[in-house]
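Presented below is the structure to which this report refers.
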Amino acid sequence: MFKHFISELKETLICLEAGQVTLGYPFQPHAPEAGFRGLPVVDPLLCIGCGACASACPARLIDMTDDGDHRTVSFELARCTYCGSCRDVCPAEAVTMSMQFETATASTQDLRISMKLKLVRCVLCGDVVGTQRATDRVVRDLVAATGGTAETIGWLDLCLACKRKEAMATPALAIEVTR
Amino acid sequence: MSGGVLNWCFKKSIWVYHVNAGSCNGCDIEVLDVLTPYYDVERFGIRLVHTPRHADALLVAGPVTRQVRERLLRLYDAVPEPKLVIGVGSCAAGGGIWHDSYATCGGVGNVLPVNVYIPGCPPRPEAILYGVAQALGLVPKNVEAQEYAES
């Protein structure tokens, strides 16, 4: 009996020495350590709607739908695995991984992001060329690389198939084959 | 009526029955973490029980495979009213990376009415605590749907 009492007393002392170990969370904030990947945040002003993230996402939660003169980019973040692939491939750096982990919700609709971006359609056949922002970016990069202007670059409002046809029909672009 | 009665019943403590519905064990390990003294979910009166008949809440992890669907429905029926369903992990929330697989039901929401989803792959123990605290009405919801249209 006495022995038992002593051992319990010892245990009490050990517990007192350890002090409180339990976190104050959720009543006190507890920030995750650096490098933590939380809920992806998309800047709708930077997104060019290129679809790189949609093809990189392992959960295939990013959807690109073209309708009329708009492309709808939607993120179904409820099934996100927080891998960060979308951030890695984004050419516009529109996707960042936040520190947000308090994502509990009663409805998965709360974790949906939907963006409508303007589309450019081919002037000849009406097929999709890309979003306005992606086309602007191509112009910017080509102007920087070639020193020309948007007018001299040309064919910016043609889809891939029509560009190919145009190139075939342009004698100046024909490649001379010599033996 | 159910809202008021539910709130009154769940004010003090909820006993949880943990179901693995095709989960990869990642979420199960995080749930285990939440029960350790460091996170100590028992201070909210929450503890795991060994039979659904003693439980107030089902804690479901995984995308609900076809094999487990029948068992999950039987478990749900075995829990006495009123009951909560908590979906842990991205798989439970929307099917995760198996959302369109023939072998899964694509999330708990397609099988049972879910009260709280806790997305994450796996959700960190704090996220699970936050979800549980939200189910108990201690903390508010922190996420909101975003819409944007280029003008």
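As shown in the structure tokens, the chain order sets the letters A, B, ...; within each chain, residues go from 1, and ligands are also counted from 1 in the order they appear.
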
May I have the residues of chain B within 6 Å of chain A, counting only C-alpha atoms, written as a ChimeraX atom specification? /B:37-39,90,93-94,96-97,115-119,121,127,131,143-150

Could the residues in this selection be written to a file with C-alpha atoms, as a compact mmCIF listing (two decimals), in the first residue's frame?
```txt
# COMPACT_ATOMS: atom_id res chain seq x y z
CA PRO B 37 -1.53 15.06 -24.89
CA TYR B 38 0.12 17.65 -27.17
CA TYR B 39 -3.11 18.40 -29.05
CA SER B 90 -9.45 15.72 -49.13
CA ALA B 93 -14.33 16.08 -48.92
CA GLY B 94 -14.40 15.52 -52.65
CA GLY B 96 -9.33 13.52 -53.54
CA ILE B 97 -7.31 12.20 -56.45
CA ASN B 115 -21.86 18.17 -41.20
CA VAL B 116 -18.23 19.27 -41.38
CA TYR B 117 -15.56 18.66 -43.99
CA ILE B 118 -11.91 18.98 -43.00
CA PRO B 119 -9.89 19.12 -46.23
CA CYS B 121 -3.89 15.69 -47.48
CA ALA B 127 -6.84 21.64 -38.88
CA GLY B 131 -12.91 21.42 -37.72
CA VAL B 143 -13.05 29.99 -46.08
CA GLU B 144 -15.32 31.49 -48.68
CA ALA B 145 -16.03 30.87 -52.35
CA GLN B 146 -14.35 33.31 -54.73
CA GLU B 147 -15.75 34.61 -57.99
CA TYR B 148 -13.98 36.83 -60.50
CA ALA B 149 -14.91 38.06 -63.95
CA GLU B 150 -12.54 39.98 -66.23
```

Would you pick out the contacts of Cys91 in chain B at 6 Å or less, using only C-alpha atoms, so that residues sharing its chain but fewer than 4 positions from it are not included, and give the list as a ChimeraX atom specification? /B:62-63,95-96,107

Compile the contact shell of range 135-143 of chain A as a PDB file with N, CA and C atoms, in the first residue's frame: residues with an atom at most 8 Å away, counting only C-alpha atoms, same-chain residues fewer than 4 positions apart removed.
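Saved the output as out18.pdb:
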```
ATOM      1  N   VAL A 120      -9.639  35.033 -76.879  1.00  0.00           N
ATOM      2  CA  VAL A 120      -9.415  35.510 -78.244  1.00  0.00           C
ATOM      3  C   VAL A 120      -9.746  34.358 -79.172  1.00  0.00           C
ATOM      4  N   GLY A 130      -6.606  31.616 -77.432  1.00  0.00           N
ATOM      5  CA  GLY A 130      -6.141  31.646 -76.048  1.00  0.00           C
ATOM      6  C   GLY A 130      -6.845  32.788 -75.359  1.00  0.00           C
ATOM      7  N   THR A 131      -6.486  33.004 -74.113  1.00  0.00           N
ATOM      8  CA  THR A 131      -7.110  34.132 -73.432  1.00  0.00           C
ATOM      9  C   THR A 131      -6.439  35.425 -73.887  1.00  0.00           C
ATOM     10  N   GLY A 147      12.333  42.721 -81.142  1.00  0.00           N
ATOM     11  CA  GLY A 147      12.455  44.159 -81.336  1.00  0.00           C
ATOM     12  C   GLY A 147      11.428  44.717 -82.294  1.00  0.00           C
ATOM     13  N   GLY A 148      10.481  43.878 -82.746  1.00  0.00           N
ATOM     14  CA  GLY A 148       9.420  44.342 -83.644  1.00  0.00           C
ATOM     15  C   GLY A 148       8.257  44.925 -82.883  1.00  0.00           C
ATOM     16  N   THR A 149       7.158  45.089 -83.560  1.00  0.00           N
ATOM     17  CA  THR A 149       5.931  45.533 -82.909  1.00  0.00           C
ATOM     18  C   THR A 149       4.856  44.481 -83.153  1.00  0.00           C
ATOM     19  N   ALA A 150       3.712  44.642 -82.504  1.00  0.00           N
ATOM     20  CA  ALA A 150       2.626  43.677 -82.637  1.00  0.00           C
ATOM     21  C   ALA A 150       2.188  43.554 -84.085  1.00  0.00           C
ATOM     22  N   ILE A 153       4.786  41.420 -86.134  1.00  0.00           N
ATOM     23  CA  ILE A 153       4.793  40.000 -85.777  1.00  0.00           C
ATOM     24  C   ILE A 153       3.669  39.291 -86.523  1.00  0.00           C
ATOM     25  N   LEU A 156      -1.378  37.057 -84.882  1.00  0.00           N
ATOM     26  CA  LEU A 156      -1.644  36.864 -83.449  1.00  0.00           C
ATOM     27  C   LEU A 156      -3.098  36.509 -83.183  1.00  0.00           C
TER      28      LEU A 156
END
```

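Across the model, the gap from CA of Leu124 in chain A to CA of Thr170 in chain A is 16.0 Å.
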
Would you please work out which residue, of B:Asp28, B:Asp56, B:Glu42, B:Asp77, is nearest to Pro122 in chain B when using only C-alpha atoms? B:Asp28

Would you list, as a ChimeraX atom specification, the residues of range 50-134 of chain B that end up in alpha helix (DSSP H) under DSSP run on this structure's backbone? /B:66-78,90-94,125-134

Return as a PyMOL selection string the full set of residues in range 59-176 of chain A whose backbone-based DSSP assignment is strand (DSSP E or B). chain A and resi 62-67+70-76+95-97+105+112-121+128-131

Deliver the residues from the most recent selection as a file, using N, CA and C atoms, as a CSV table (one decimal), in the first residue's frame.
```
chain,number,residue,atom,x,y,z
A,62,ILE,N,-8.6,21.5,-61.3
A,62,ILE,CA,-8.6,22.7,-62.0
A,62,ILE,C,-9.3,22.5,-63.4
A,63,ASP,N,-10.3,23.2,-63.7
A,63,ASP,CA,-11.1,23.0,-64.9
A,63,ASP,C,-11.1,24.2,-65.8
A,64,MET,N,-10.9,24.0,-67.1
A,64,MET,CA,-10.9,25.1,-68.0
A,64,MET,C,-12.1,24.9,-69.0
A,65,THR,N,-13.0,25.8,-69.0
A,65,THR,CA,-14.2,25.6,-69.9
A,65,THR,C,-14.3,26.9,-70.7
A,66,ASP,N,-14.3,26.7,-72.1
A,66,ASP,CA,-14.5,27.8,-73.0
A,66,ASP,C,-15.9,27.9,-73.3
A,67,ASP,N,-16.5,29.1,-73.2
A,67,ASP,CA,-17.9,29.3,-73.5
A,67,ASP,C,-18.0,30.7,-74.1
A,70,HIS,N,-15.6,33.8,-73.3
A,70,HIS,CA,-15.0,33.7,-72.0
A,70,HIS,C,-14.4,32.3,-71.7
A,71,ARG,N,-13.4,32.3,-71.0
A,71,ARG,CA,-12.9,31.0,-70.5
A,71,ARG,C,-13.1,31.0,-69.0
A,72,THR,N,-13.7,30.0,-68.5
A,72,THR,CA,-13.9,29.9,-67.0
A,72,THR,C,-12.9,28.9,-66.4
A,73,VAL,N,-12.1,29.5,-65.5
A,73,VAL,CA,-11.1,28.7,-64.8
A,73,VAL,C,-11.6,28.4,-63.4
A,74,SER,N,-11.9,27.2,-63.1
A,74,SER,CA,-12.4,26.9,-61.7
A,74,SER,C,-11.5,25.9,-61.0
A,75,PHE,N,-11.4,26.2,-59.7
A,75,PHE,CA,-10.6,25.4,-58.8
A,75,PHE,C,-11.6,24.8,-57.8
A,76,GLU,N,-11.5,23.4,-57.7
A,76,GLU,CA,-12.4,22.7,-56.8
A,76,GLU,C,-11.5,22.3,-55.6
A,95,VAL,N,-0.4,31.6,-58.8
A,95,VAL,CA,-0.7,30.7,-57.7
A,95,VAL,C,0.4,30.7,-56.6
A,96,THR,N,-0.1,30.9,-55.4
A,96,THR,CA,0.9,30.8,-54.3
A,96,THR,C,0.3,29.9,-53.2
A,97,MET,N,1.1,29.2,-52.5
A,97,MET,CA,0.6,28.3,-51.4
A,97,MET,C,0.6,29.2,-50.1
A,105,THR,N,-15.2,23.3,-43.2
A,105,THR,CA,-16.4,24.0,-43.7
A,105,THR,C,-17.5,23.0,-43.8
A,112,ARG,N,-14.4,26.7,-53.5
A,112,ARG,CA,-14.4,26.8,-55.0
A,112,ARG,C,-13.9,28.2,-55.4
A,113,ILE,N,-13.0,28.2,-56.4
A,113,ILE,CA,-12.6,29.5,-57.0
A,113,ILE,C,-13.0,29.5,-58.4
A,114,SER,N,-13.7,30.5,-58.9
A,114,SER,CA,-14.1,30.6,-60.3
A,114,SER,C,-13.7,31.9,-60.9
A,115,MET,N,-13.0,31.9,-62.0
A,115,MET,CA,-12.6,33.1,-62.7
A,115,MET,C,-13.0,33.1,-64.1
A,116,LYS,N,-13.5,34.2,-64.6
A,116,LYS,CA,-13.9,34.3,-66.0
A,116,LYS,C,-12.9,35.2,-66.7
A,117,LEU,N,-12.2,34.7,-67.7
A,117,LEU,CA,-11.2,35.5,-68.4
A,117,LEU,C,-11.6,35.6,-69.9
A,118,LYS,N,-11.3,36.7,-70.5
A,118,LYS,CA,-11.6,37.0,-71.9
A,118,LYS,C,-10.9,36.1,-72.8
A,119,LEU,N,-11.6,35.6,-73.9
A,119,LEU,CA,-10.9,34.7,-74.9
A,119,LEU,C,-10.7,35.5,-76.2
A,120,VAL,N,-9.6,35.0,-76.9
A,120,VAL,CA,-9.4,35.5,-78.2
A,120,VAL,C,-9.7,34.4,-79.2
A,121,ARG,N,-10.6,34.6,-80.2
A,121,ARG,CA,-10.9,33.6,-81.1
A,121,ARG,C,-10.3,33.9,-82.5
A,128,VAL,N,-10.6,28.6,-80.7
A,128,VAL,CA,-10.0,29.4,-79.6
A,128,VAL,C,-8.5,29.6,-79.8
A,129,VAL,N,-8.0,30.8,-79.7
A,129,VAL,CA,-6.5,31.1,-79.8
A,129,VAL,C,-5.9,31.0,-78.4
A,130,GLY,N,-6.6,31.6,-77.4
A,130,GLY,CA,-6.1,31.6,-76.0
A,130,GLY,C,-6.8,32.8,-75.4
A,131,THR,N,-6.5,33.0,-74.1
A,131,THR,CA,-7.1,34.1,-73.4
A,131,THR,C,-6.4,35.4,-73.9
```

Contact residues around Val34 in chain B with only C-alpha atoms at 8 Å, ignoring same-chain residues under 2 positions, as a PyMOL selection string: chain B and resi 30-32+36+38-41+125-126+128-129

Output the selection as a short mmCIF file (atom, residue, chain, number, x, y, z; two decimals), in the first residue's frame - N, CA and C atoms for each residue.
```
data_model
loop_
_atom_site.label_atom_id
_atom_site.label_comp_id
_atom_site.auth_asym_id
_atom_site.auth_seq_id
_atom_site.Cartn_x
_atom_site.Cartn_y
_atom_site.Cartn_z
N GLU B 30 -3.07 11.27 -38.45
CA GLU B 30 -3.28 12.64 -37.93
C GLU B 30 -4.36 12.66 -36.86
N VAL B 31 -5.40 11.82 -37.05
CA VAL B 31 -6.45 11.72 -36.03
C VAL B 31 -5.85 11.19 -34.73
N LEU B 32 -4.92 10.24 -34.87
CA LEU B 32 -4.23 9.70 -33.70
C LEU B 32 -3.44 10.80 -32.99
N THR B 36 -3.29 12.77 -28.82
CA THR B 36 -2.12 12.78 -27.92
C THR B 36 -2.21 13.98 -26.97
N TYR B 38 -0.33 16.39 -26.57
CA TYR B 38 0.12 17.65 -27.17
C TYR B 38 -1.05 18.43 -27.75
N TYR B 39 -1.94 17.73 -28.45
CA TYR B 39 -3.11 18.40 -29.05
C TYR B 39 -4.34 18.22 -28.17
N ASP B 40 -4.46 17.08 -27.54
CA ASP B 40 -5.43 16.78 -26.50
C ASP B 40 -6.86 17.20 -26.83
N VAL B 41 -7.47 16.44 -27.72
CA VAL B 41 -8.85 16.76 -28.10
C VAL B 41 -9.83 16.38 -26.98
N PRO B 125 -2.94 18.23 -37.57
CA PRO B 125 -3.77 18.05 -36.37
C PRO B 125 -4.51 19.33 -35.97
N GLU B 126 -3.88 20.49 -36.17
CA GLU B 126 -4.55 21.75 -35.86
C GLU B 126 -5.79 21.93 -36.72
N ILE B 128 -7.66 19.56 -37.92
CA ILE B 128 -8.71 18.67 -37.42
C ILE B 128 -9.33 19.28 -36.17
N LEU B 129 -8.48 19.84 -35.28
CA LEU B 129 -8.98 20.51 -34.08
C LEU B 129 -9.91 21.65 -34.46
#
```

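With CA of Leu160 in chain A on one side and CA of Cys125 in chain A on the other, the separation reads 10.6 Å.
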